[in-house]
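Undergrad: Here's a structure for you.
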Number of protein chains: 2
Amino acid sequence: MTSSSISHSLLNAAFTGRLAVVGIGPGAAELLAPVVREELALAQDIVGYTTYVEMAGPFRAEQRVLDSDNRCEMDRARLAFALAAQGRRVAVVSSGDPGIFAMAAAVMEALEQSHDANWHAVELVILPGISAAQVAAARVGAPLGHDFCVLSLSDNLKPWTQIARRLELAAQADLVIALYNPRSVARPQQFAQALDLLGLYRTTTTPVVLGQNVGRPAEVVRVTTLGEIVPEQIDMRTVVIIGSSQTRLFPRLTGGNWVYTPRWYPELSKA
Amino acid sequence: MTSSSISHSLLNAAFTGRLAVVGIGPGAAELLAPVVREELALAQDIVGYTTYVEMAGPFRAEQRVLDSDNRCEMDRARLAFALAAQGRRVAVVSSGDPGIFAMAAAVMEALEQSHDANWHAVELVILPGISAAQVAAARVGAPLGHDFCVLSLSDNLKPWTQIARRLELAAQADLVIALYNPRSVARPQQFAQALDLLGLYRTTTTPVVLGQNVGRPAEVVRVTTLGEIVPEQIDMRTVVIIGSSQTRLFPRLTGGNWVYTPRWYPELSKA
């Protein structure tokens with residue numbers, strides 16, 4: 001599991017450049033951590049997916065913006081290392097928390113695979129951000145107030161059999177389930193399959209939160225139930241939070257419902 | 001699941017006061033969201049556990065600080081509603097993300113249980129923060145880079161049988177597992193039981209991250225393995241991240257190891 005490809009002589013080497021993987025949260029400036037703001041201000045090169053780089057900006061004329069619509073995260077990670085290894089100060093912009101279904105894992109993978117000593121000599125920092133499920137949860141109460149899991153429904157990088165198995169075990173564990181990348185145009189039937197699976201373990205009245213474009217101007221957050229989900233309201237920019245057996249709804253003065261999962265869990269054998 | 005105790009006449013009522021449940025993240029100012037900073041500046045009353053209120057301050061002389069060492073979250077939530085219902089602007093200070101094992105769920109529970117129309121007329125907002133597992137993860141790479149769950153090991157509010165069941169199912173699902181409240185002085189044997197359970201499903205070389213006081217001056221973050229965990233290094237201020245079968249370690253130039261969970265998951269039937 002460890003690699004011997006890195007020369008021990010490097011242990012005394014100075015850093016080359018700096019690579020900061022920064023989480024901009026949902027995009028709104030009001031949720032951007034000061035340390036991320038500062039890192040973006042000091043960066044010489046800004047690397048990222050165009051949509052997120054635009055949210056993180058504007059940048060000064062002397063800052064080089066290397067944004068692209070390229071969806072290959074590994075390409076972006078390698079570009080960032082190549083620049084930092086030349087001595088540049090680089091910020092990789094990630095939406096949400098870079099550590100949660102975002103850029104940090106790709107950056108680590110690129111580094112592990114590299115035998116270039118200069119890449120390993122880059123000063124690498126990861127700055128966390130607020131992830132979409134946290135924003136969606138905050139809008140409606142506290143659905144993640146007790147044990148929960150965070151799963152991606154995308155089968156681009158993992159087999160659907162494993163996704164289905166995880167869903168089933170998470171449902172059996174009575175965890176609240178936050179789903180990222182829930183429903184693509186190319187595979188709407190997988191989201192339907194996921195709902196069918198969850199329906200084996202949860203009642204139709206289980207609270208569900210749909211957070212679309214959370215923290216952005218186009219934000220729409222809906223509270224519904226497992227039995228009343230309208231799949232067409234869900235796309236890849238939606239985070240879906242499925243309650244546990246304990247998650248509760250109650251009316252909100254301004255309309256709609258609050259949702260929360262109590263901090264306690266009953267002794268089920270007494271039920 | 002819904003309550004009819006709230007008069008419909010209230011639907012047209014004006015808000016009484018304002019209650020903001022704010023997440024201060026790990027405590028460091030560099031990770032405090034601007035919207036939380038502003039809410040704290042505008043609050044007339046600051047309610048919270050003394051340790052967290054001290055991290056959120058200092059406050060101006062005219063701001064009333066109602067901190068306490070009282071560990072009863074419900075008392076604090078009810079105090080906050082009582083003040084806001086009188087028209088005050090109140091901030092409830094929560095460490096980390098209020099929605100993750102923190103104050104938001106207690107605030108929602110207090111509101112649901114209340115038949116006081118003035119409480120329901122409070123303008124209630126929840127402002128998310130960065131939770132301890134996110135900070136610990138960022139320090140060492142990207143251990144939460146793929147599907148994961150967040151569990152509390154505390155049996156104060158739920159039966160140990162349910163905790164053990166969740167651990168076992170999460171291990172079977174091959175999720176990365178972040179454990180909050182892992183090991184108290186009063187029940188060290190439960191953490192040992194949890195390790196025994198996880199050992200049935202994970203190898204001894206599984207990467208483990210121990211993040212103690214993350215984001216605070218006393219921060220200590222350790223990377224170890226399931227077979228080499230030293231339980232005495234773990235207390236209630238530690239977040240423990242247990243890798244999945246896919247989580248990887250590799251050497252870090254400055255000493256120690258990076259840890260990450262790849263974005264992809266192999267087709268196990270081919271293995």
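All residue names refer to the structure tokens as shown: chains lettered A, B, ... in order, residues numbered from 1 in each chain, ligands numbered from 1 in order.
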Determine, counting only C-alpha atoms, which protein, DNA and RNA residues have an atom within 9 Å of an atom of A:Leu167; residues of the same chain fewer than 5 positions away are not included. Present the result as a list of chain:residue names.
TA: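 The neighbour list is A:Leu151, A:Gln162, A:Gln172, A:Ile177, A:Ala194, A:Leu197, A:Leu198, B:Ala173.
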Undergrad: Using DSSP assignments from the backbone, pull out every residue in stretch 59-204 of chain A that falls under strand (DSSP E) and give it to me as a list in words.
TA: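 Selection result, strand (DSSP E) within stretch 59-204 of chain A: Arg64, Val65, Leu66, Asp67, Ser68, Arg89, Val90, Ala91, Val92, Val93, Ser94, Glu123, Leu124, Val125, Ile126, Leu127, Gly141, Ala142, Phe148, Cys149, Val150, Leu151, Ser152, Val176, Ile177, Ala178, Leu179 and Tyr180 of chain A.
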Undergrad: Chain B superposed on chain A over all ordered C-alpha pairs, least squares: can you write that as a CSV table (one decimal) with C-alpha atoms, in the first residue's frame?
TA:
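Wrote out.csv, looks like this:
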```
chain,number,residue,atom,x,y,z
B,1,MET,CA,0.0,0.0,0.0
B,2,THR,CA,3.0,2.3,0.3
B,3,SER,CA,5.3,3.4,-2.5
B,4,SER,CA,9.1,3.3,-2.5
B,5,SER,CA,9.4,5.4,-5.6
B,6,ILE,CA,10.0,8.6,-3.8
B,7,SER,CA,13.6,9.2,-3.1
B,8,HIS,CA,14.4,9.6,0.6
B,9,SER,CA,16.7,12.5,-0.4
B,10,LEU,CA,13.6,14.5,-1.1
B,11,LEU,CA,12.6,14.4,2.6
B,12,ASN,CA,15.0,17.3,3.1
B,13,ALA,CA,14.1,19.1,-0.1
B,14,ALA,CA,12.4,22.5,-0.1
B,15,PHE,CA,8.9,22.8,-1.5
B,16,THR,CA,8.6,23.6,-5.2
B,17,GLY,CA,5.3,25.5,-5.7
B,18,ARG,CA,2.1,25.4,-3.9
B,19,LEU,CA,-1.1,23.7,-4.8
B,20,ALA,CA,-4.3,24.5,-2.8
B,21,VAL,CA,-7.4,22.5,-3.5
B,22,VAL,CA,-10.1,24.9,-2.3
B,23,GLY,CA,-13.8,24.3,-1.6
B,24,ILE,CA,-16.0,27.3,-2.6
B,25,GLY,CA,-19.0,25.7,-1.0
B,26,PRO,CA,-22.3,26.1,-2.9
B,27,GLY,CA,-21.0,29.2,-4.7
B,28,ALA,CA,-22.4,32.0,-2.6
B,29,ALA,CA,-19.8,34.4,-1.2
B,30,GLU,CA,-21.6,34.4,2.1
B,31,LEU,CA,-20.5,30.8,2.7
B,32,LEU,CA,-17.0,31.0,1.4
B,33,ALA,CA,-14.4,30.6,4.2
B,34,PRO,CA,-11.9,33.5,4.7
B,35,VAL,CA,-9.0,31.1,4.2
B,36,VAL,CA,-10.3,30.1,0.8
B,37,ARG,CA,-10.9,33.7,-0.2
B,38,GLU,CA,-7.3,34.5,0.8
B,39,GLU,CA,-5.9,31.5,-1.1
B,40,LEU,CA,-7.8,32.5,-4.2
B,41,ALA,CA,-6.4,36.1,-3.9
B,42,LEU,CA,-2.9,34.8,-3.6
B,43,ALA,CA,-3.0,32.2,-6.4
B,44,GLN,CA,-1.1,32.8,-9.6
B,45,ASP,CA,-2.9,30.1,-11.5
B,46,ILE,CA,-6.6,29.2,-11.1
B,47,VAL,CA,-7.5,25.7,-12.3
B,48,GLY,CA,-11.0,24.4,-12.5
B,49,TYR,CA,-14.3,23.6,-14.2
B,50,THR,CA,-15.5,26.9,-15.9
B,51,THR,CA,-18.8,27.1,-13.9
B,52,TYR,CA,-17.0,26.9,-10.5
B,53,VAL,CA,-14.2,29.2,-11.5
B,54,GLU,CA,-16.7,31.8,-12.5
B,55,MET,CA,-18.3,31.5,-9.0
B,56,ALA,CA,-14.9,31.8,-7.4
B,57,GLY,CA,-13.9,35.0,-9.3
B,58,PRO,CA,-13.5,37.6,-10.4
B,59,PHE,CA,-9.7,37.4,-10.6
B,60,ARG,CA,-7.1,40.1,-11.2
B,61,ALA,CA,-5.6,40.6,-14.6
B,62,GLU,CA,-2.2,39.1,-13.6
B,63,GLN,CA,-3.8,35.9,-12.3
B,64,ARG,CA,-3.9,33.2,-15.0
B,65,VAL,CA,-7.3,31.4,-15.2
B,66,LEU,CA,-7.0,27.9,-16.7
B,67,ASP,CA,-10.7,26.9,-16.7
B,68,SER,CA,-12.2,24.3,-19.0
B,69,ASP,CA,-15.4,22.4,-19.6
B,70,ASN,CA,-13.3,19.3,-19.7
B,71,ARG,CA,-15.0,16.9,-17.2
B,72,CYS,CA,-11.9,14.8,-16.7
B,73,GLU,CA,-10.9,15.6,-13.2
B,74,MET,CA,-7.5,13.7,-13.6
B,75,ASP,CA,-6.5,16.0,-16.4
B,76,ARG,CA,-7.2,19.1,-14.3
B,77,ALA,CA,-5.3,17.6,-11.3
B,78,ARG,CA,-2.2,16.8,-13.4
B,79,LEU,CA,-2.2,20.3,-14.9
B,80,ALA,CA,-2.3,21.8,-11.5
B,81,PHE,CA,0.7,19.6,-10.3
B,82,ALA,CA,2.6,20.4,-13.5
B,83,LEU,CA,2.2,24.2,-12.8
B,84,ALA,CA,2.9,24.0,-9.1
B,85,ALA,CA,6.0,21.8,-9.7
B,86,GLN,CA,7.4,24.7,-11.8
B,87,GLY,CA,7.1,26.9,-8.7
B,88,ARG,CA,3.7,28.5,-9.4
B,89,ARG,CA,1.2,29.1,-6.7
B,90,VAL,CA,-1.9,27.2,-7.9
B,91,ALA,CA,-5.5,27.0,-6.7
B,92,VAL,CA,-7.7,24.2,-7.9
B,93,VAL,CA,-11.3,25.3,-7.5
B,94,SER,CA,-13.8,22.7,-6.3
B,95,SER,CA,-17.5,23.2,-5.7
B,96,GLY,CA,-18.8,22.2,-2.3
B,97,ASP,CA,-16.2,20.5,-0.2
B,98,PRO,CA,-13.3,19.3,-2.3
B,99,GLY,CA,-13.1,16.2,-0.1
B,100,ILE,CA,-16.7,15.1,-0.9
B,101,PHE,CA,-17.3,13.9,-4.4
B,102,ALA,CA,-15.0,16.6,-5.7
B,103,MET,CA,-11.5,17.4,-6.7
B,104,ALA,CA,-9.4,16.3,-3.7
B,105,ALA,CA,-9.5,12.6,-4.5
B,106,ALA,CA,-8.5,13.2,-8.1
B,107,VAL,CA,-5.6,15.3,-6.9
B,108,MET,CA,-4.4,12.6,-4.5
B,109,GLU,CA,-4.7,10.0,-7.2
B,110,ALA,CA,-2.7,12.0,-9.6
B,111,LEU,CA,0.0,12.5,-6.9
B,112,GLU,CA,0.2,8.9,-5.9
B,113,GLN,CA,0.5,7.8,-9.6
B,114,SER,CA,3.3,10.3,-10.3
B,115,HIS,CA,7.0,9.3,-10.0
B,116,ASP,CA,8.0,12.9,-10.6
B,117,ALA,CA,9.8,14.0,-7.4
B,118,ASN,CA,8.9,17.6,-8.1
B,119,TRP,CA,5.2,16.8,-7.9
B,120,HIS,CA,5.8,15.2,-4.5
B,121,ALA,CA,7.7,18.3,-3.4
B,122,VAL,CA,4.7,20.6,-4.1
B,123,GLU,CA,3.3,22.2,-0.9
B,124,LEU,CA,-0.2,20.6,-1.1
B,125,VAL,CA,-3.1,21.9,1.0
B,126,ILE,CA,-6.8,21.0,0.9
B,127,LEU,CA,-9.2,23.6,2.3
B,128,PRO,CA,-12.6,22.2,3.1
B,129,GLY,CA,-15.9,23.8,2.1
B,130,ILE,CA,-19.6,23.4,2.8
B,131,SER,CA,-21.1,20.5,0.7
B,132,ALA,CA,-24.5,20.6,-1.0
B,133,ALA,CA,-26.2,18.2,1.4
B,134,GLN,CA,-25.3,20.5,4.3
B,135,VAL,CA,-26.9,23.5,2.6
B,136,ALA,CA,-30.0,21.6,1.6
B,137,ALA,CA,-30.3,20.3,5.2
B,138,ALA,CA,-29.9,23.7,6.7
B,139,ARG,CA,-32.7,25.1,4.6
B,140,VAL,CA,-35.3,22.7,5.9
B,141,GLY,CA,-34.2,22.0,9.5
B,142,ALA,CA,-31.9,19.2,10.5
B,143,PRO,CA,-32.5,16.1,8.4
B,144,LEU,CA,-28.9,15.0,8.9
B,145,GLY,CA,-29.2,15.5,12.7
B,146,HIS,CA,-28.5,11.8,13.4
B,147,ASP,CA,-26.4,9.1,11.7
B,148,PHE,CA,-26.3,9.4,8.0
B,149,CYS,CA,-24.5,8.4,4.8
B,150,VAL,CA,-23.5,10.2,1.6
B,151,LEU,CA,-23.7,8.1,-1.6
B,152,SER,CA,-23.2,9.0,-5.2
B,153,LEU,CA,-25.7,7.3,-7.5
B,154,SER,CA,-23.4,7.9,-10.6
B,155,ASP,CA,-22.2,4.7,-12.2
B,156,ASN,CA,-19.5,6.4,-14.2
B,157,LEU,CA,-16.8,5.3,-11.8
B,158,LYS,CA,-18.4,2.3,-10.0
B,159,PRO,CA,-20.6,-0.6,-10.9
B,160,TRP,CA,-24.4,-0.2,-10.4
B,161,THR,CA,-24.4,-3.5,-8.5
B,162,GLN,CA,-22.2,-1.9,-5.8
B,163,ILE,CA,-24.4,1.2,-5.7
B,164,ALA,CA,-27.5,-1.0,-5.2
B,165,ARG,CA,-25.8,-3.0,-2.5
B,166,ARG,CA,-24.8,0.1,-0.6
B,167,LEU,CA,-28.3,1.6,-0.8
B,168,GLU,CA,-29.8,-1.6,0.5
B,169,LEU,CA,-27.4,-1.9,3.4
B,170,ALA,CA,-27.8,1.8,4.2
B,171,ALA,CA,-31.6,1.4,4.2
B,172,GLN,CA,-31.3,-1.7,6.5
B,173,ALA,CA,-29.1,0.3,8.8
B,174,ASP,CA,-31.9,2.9,9.0
B,175,LEU,CA,-29.4,5.7,8.1
B,176,VAL,CA,-30.5,9.0,6.6
B,177,ILE,CA,-29.2,8.8,3.0
B,178,ALA,CA,-27.9,11.8,1.1
B,179,LEU,CA,-27.7,11.1,-2.6
B,180,TYR,CA,-25.3,13.0,-4.9
B,181,ASN,CA,-25.5,12.9,-8.7
B,182,PRO,CA,-28.9,11.2,-8.3
B,183,ARG,CA,-30.4,11.2,-11.8
B,184,SER,CA,-28.8,11.8,-15.2
B,185,VAL,CA,-30.6,12.3,-18.4
B,186,ALA,CA,-28.8,9.2,-19.7
B,187,ARG,CA,-29.9,6.8,-16.9
B,188,PRO,CA,-33.2,8.0,-15.3
B,189,GLN,CA,-34.2,4.4,-14.7
B,190,GLN,CA,-31.4,4.0,-12.1
B,191,PHE,CA,-33.0,6.6,-9.9
B,192,ALA,CA,-36.3,4.8,-10.2
B,193,GLN,CA,-34.5,1.5,-9.2
B,194,ALA,CA,-33.0,3.3,-6.2
B,195,LEU,CA,-36.4,4.4,-5.1
B,196,ASP,CA,-37.8,0.9,-5.5
B,197,LEU,CA,-35.0,-0.4,-3.4
B,198,LEU,CA,-35.6,2.2,-0.7
B,199,GLY,CA,-39.3,1.5,-0.8
B,200,LEU,CA,-38.6,-2.0,0.5
B,201,TYR,CA,-37.3,-0.6,3.8
B,202,ARG,CA,-39.0,2.8,4.3
B,203,THR,CA,-42.7,3.8,4.4
B,204,THR,CA,-44.2,6.1,1.7
B,205,THR,CA,-44.5,8.8,4.3
B,206,THR,CA,-40.7,9.0,4.8
B,207,PRO,CA,-39.6,12.6,4.5
B,208,VAL,CA,-37.5,13.5,1.5
B,209,VAL,CA,-35.6,16.7,0.8
B,210,LEU,CA,-34.8,17.8,-2.8
B,211,GLY,CA,-32.2,20.5,-3.0
B,212,GLN,CA,-31.6,21.8,-6.5
B,213,ASN,CA,-28.8,24.4,-7.1
B,214,VAL,CA,-28.6,25.0,-3.4
B,215,GLY,CA,-26.8,28.2,-2.4
B,216,ARG,CA,-27.0,29.5,-5.9
B,217,PRO,CA,-29.5,32.0,-7.5
B,218,ALA,CA,-31.5,29.2,-9.1
B,219,GLU,CA,-32.0,27.4,-5.7
B,220,VAL,CA,-35.1,25.3,-5.3
B,221,VAL,CA,-35.5,23.3,-2.1
B,222,ARG,CA,-38.5,21.0,-1.8
B,223,VAL,CA,-39.8,18.8,1.0
B,224,THR,CA,-41.7,15.8,-0.1
B,225,THR,CA,-42.1,12.1,0.9
B,226,LEU,CA,-40.8,8.9,-0.5
B,227,GLY,CA,-44.3,8.1,-1.9
B,228,GLU,CA,-44.7,11.5,-3.6
B,229,ILE,CA,-41.3,12.1,-5.2
B,230,VAL,CA,-41.6,13.5,-8.7
B,231,PRO,CA,-38.5,12.1,-10.4
B,232,GLU,CA,-38.6,14.9,-13.1
B,233,GLN,CA,-37.9,17.4,-10.3
B,234,ILE,CA,-34.5,15.8,-9.8
B,235,ASP,CA,-31.4,16.2,-12.0
B,236,MET,CA,-27.6,16.0,-11.5
B,237,ARG,CA,-27.6,19.4,-9.7
B,238,THR,CA,-29.9,18.1,-7.1
B,239,VAL,CA,-29.0,16.6,-3.8
B,240,VAL,CA,-31.6,14.2,-2.4
B,241,ILE,CA,-31.9,13.5,1.3
B,242,ILE,CA,-34.0,10.4,2.2
B,243,GLY,CA,-35.1,10.3,5.9
B,244,SER,CA,-34.6,7.4,8.2
B,245,SER,CA,-37.6,5.7,10.0
B,246,GLN,CA,-37.2,8.4,12.7
B,247,THR,CA,-37.1,11.5,10.5
B,248,ARG,CA,-40.0,13.9,11.1
B,249,LEU,CA,-41.9,16.6,9.3
B,250,PHE,CA,-44.0,19.4,10.9
B,251,PRO,CA,-45.6,22.5,9.4
B,252,ARG,CA,-43.7,25.6,8.9
B,253,LEU,CA,-45.4,28.9,9.5
B,254,THR,CA,-44.3,30.3,6.2
B,255,GLY,CA,-45.7,27.3,4.4
B,256,GLY,CA,-44.3,23.9,3.7
B,257,ASN,CA,-42.7,21.8,6.4
B,258,TRP,CA,-39.6,21.6,8.6
B,259,VAL,CA,-37.7,18.3,8.5
B,260,TYR,CA,-35.4,16.9,11.2
B,261,THR,CA,-34.0,13.6,12.4
B,262,PRO,CA,-34.1,13.5,16.2
B,263,ARG,CA,-30.8,13.1,18.1
B,264,TRP,CA,-32.1,10.1,19.9
B,265,TYR,CA,-33.0,6.6,18.6
B,266,PRO,CA,-35.6,4.5,20.3
B,267,GLU,CA,-35.0,1.0,21.8
B,268,LEU,CA,-36.8,-0.8,18.9
B,269,SER,CA,-37.2,-4.0,20.8
B,270,LYS,CA,-39.6,-2.2,23.1
B,271,ALA,CA,-41.6,-0.9,20.2
```
Undergrad: I need the residues in stretch 66-147 of chain A that are helix (DSSP H, G or I) according to DSSP; give them as a PyMOL selection string.
TA: chain A and resi 73-85+103-113+117-120+132-140
Undergrad: Can you spit out the residues from that selection as a CSV table (one decimal), in the first residue's frame, using N, CA and C atoms?
TA:
```
chain,number,residue,atom,x,y,z
A,73,GLU,N,-11.5,15.0,-14.4
A,73,GLU,CA,-10.9,15.6,-13.2
A,73,GLU,C,-9.4,15.3,-13.1
A,74,MET,N,-9.0,14.1,-13.6
A,74,MET,CA,-7.6,13.8,-13.6
A,74,MET,C,-6.7,14.7,-14.4
A,75,ASP,N,-7.2,15.1,-15.6
A,75,ASP,CA,-6.5,16.1,-16.4
A,75,ASP,C,-6.2,17.3,-15.7
A,76,ARG,N,-7.3,17.8,-15.0
A,76,ARG,CA,-7.2,19.1,-14.3
A,76,ARG,C,-6.2,18.9,-13.1
A,77,ALA,N,-6.2,17.8,-12.4
A,77,ALA,CA,-5.3,17.6,-11.3
A,77,ALA,C,-3.9,17.6,-11.8
A,78,ARG,N,-3.6,16.9,-12.9
A,78,ARG,CA,-2.2,16.8,-13.4
A,78,ARG,C,-1.7,18.2,-13.9
A,79,LEU,N,-2.6,18.9,-14.5
A,79,LEU,CA,-2.3,20.3,-15.0
A,79,LEU,C,-1.8,21.1,-13.7
A,80,ALA,N,-2.6,21.0,-12.7
A,80,ALA,CA,-2.3,21.8,-11.5
A,80,ALA,C,-0.9,21.4,-10.9
A,81,PHE,N,-0.7,20.1,-10.8
A,81,PHE,CA,0.7,19.6,-10.3
A,81,PHE,C,1.8,20.1,-11.2
A,82,ALA,N,1.6,20.0,-12.5
A,82,ALA,CA,2.6,20.4,-13.5
A,82,ALA,C,3.0,21.9,-13.3
A,83,LEU,N,2.0,22.7,-13.0
A,83,LEU,CA,2.2,24.2,-12.8
A,83,LEU,C,2.9,24.4,-11.5
A,84,ALA,N,2.4,23.7,-10.4
A,84,ALA,CA,2.9,24.0,-9.1
A,84,ALA,C,4.4,23.4,-9.0
A,85,ALA,N,4.7,22.4,-9.7
A,85,ALA,CA,6.0,21.8,-9.7
A,85,ALA,C,7.0,22.7,-10.4
A,103,MET,N,-12.8,17.5,-6.1
A,103,MET,CA,-11.5,17.4,-6.7
A,103,MET,C,-10.4,16.8,-5.9
A,104,ALA,N,-10.5,16.8,-4.5
A,104,ALA,CA,-9.4,16.3,-3.7
A,104,ALA,C,-9.0,14.9,-4.0
A,105,ALA,N,-9.9,14.0,-4.2
A,105,ALA,CA,-9.5,12.6,-4.5
A,105,ALA,C,-8.8,12.5,-5.8
A,106,ALA,N,-9.2,13.2,-6.8
A,106,ALA,CA,-8.5,13.2,-8.1
A,106,ALA,C,-7.0,13.7,-7.9
A,107,VAL,N,-6.9,14.8,-7.1
A,107,VAL,CA,-5.6,15.3,-6.9
A,107,VAL,C,-4.7,14.3,-6.2
A,108,MET,N,-5.2,13.6,-5.2
A,108,MET,CA,-4.4,12.6,-4.5
A,108,MET,C,-4.0,11.5,-5.4
A,109,GLU,N,-5.0,11.1,-6.2
A,109,GLU,CA,-4.7,10.0,-7.2
A,109,GLU,C,-3.6,10.4,-8.2
A,110,ALA,N,-3.7,11.6,-8.7
A,110,ALA,CA,-2.7,12.1,-9.6
A,110,ALA,C,-1.3,12.1,-8.9
A,111,LEU,N,-1.3,12.5,-7.7
A,111,LEU,CA,0.0,12.5,-6.9
A,111,LEU,C,0.6,11.1,-6.7
A,112,GLU,N,-0.3,10.2,-6.2
A,112,GLU,CA,0.2,8.8,-5.9
A,112,GLU,C,0.7,8.2,-7.2
A,113,GLN,N,0.1,8.4,-8.3
A,113,GLN,CA,0.5,7.8,-9.6
A,113,GLN,C,1.8,8.4,-10.2
A,117,ALA,N,9.5,13.6,-8.8
A,117,ALA,CA,9.8,14.0,-7.4
A,117,ALA,C,9.4,15.5,-7.2
A,118,ASN,N,9.3,16.3,-8.3
A,118,ASN,CA,8.9,17.7,-8.1
A,118,ASN,C,7.4,17.8,-7.8
A,119,TRP,N,6.6,16.8,-8.3
A,119,TRP,CA,5.2,16.8,-7.9
A,119,TRP,C,5.1,16.6,-6.4
A,120,HIS,N,5.9,15.6,-5.9
A,120,HIS,CA,5.8,15.3,-4.5
A,120,HIS,C,6.3,16.4,-3.6
A,132,ALA,N,-23.1,20.4,-0.6
A,132,ALA,CA,-24.5,20.6,-1.0
A,132,ALA,C,-25.5,20.0,0.0
A,133,ALA,N,-25.2,18.8,0.5
A,133,ALA,CA,-26.2,18.2,1.4
A,133,ALA,C,-26.3,19.0,2.7
A,134,GLN,N,-25.2,19.7,3.1
A,134,GLN,CA,-25.3,20.5,4.3
A,134,GLN,C,-26.1,21.8,4.1
A,135,VAL,N,-26.0,22.3,2.9
A,135,VAL,CA,-26.8,23.5,2.6
A,135,VAL,C,-28.3,23.1,2.5
A,136,ALA,N,-28.6,22.1,1.8
A,136,ALA,CA,-30.0,21.6,1.6
A,136,ALA,C,-30.6,21.3,3.0
A,137,ALA,N,-29.8,20.6,3.9
A,137,ALA,CA,-30.3,20.3,5.2
A,137,ALA,C,-30.6,21.5,6.0
A,138,ALA,N,-29.7,22.5,6.0
A,138,ALA,CA,-29.9,23.7,6.7
A,138,ALA,C,-31.2,24.5,6.3
A,139,ARG,N,-31.5,24.4,5.1
A,139,ARG,CA,-32.7,25.1,4.5
A,139,ARG,C,-34.0,24.6,5.1
A,140,VAL,N,-34.0,23.3,5.5
A,140,VAL,CA,-35.3,22.7,5.9
A,140,VAL,C,-35.3,22.3,7.3
```
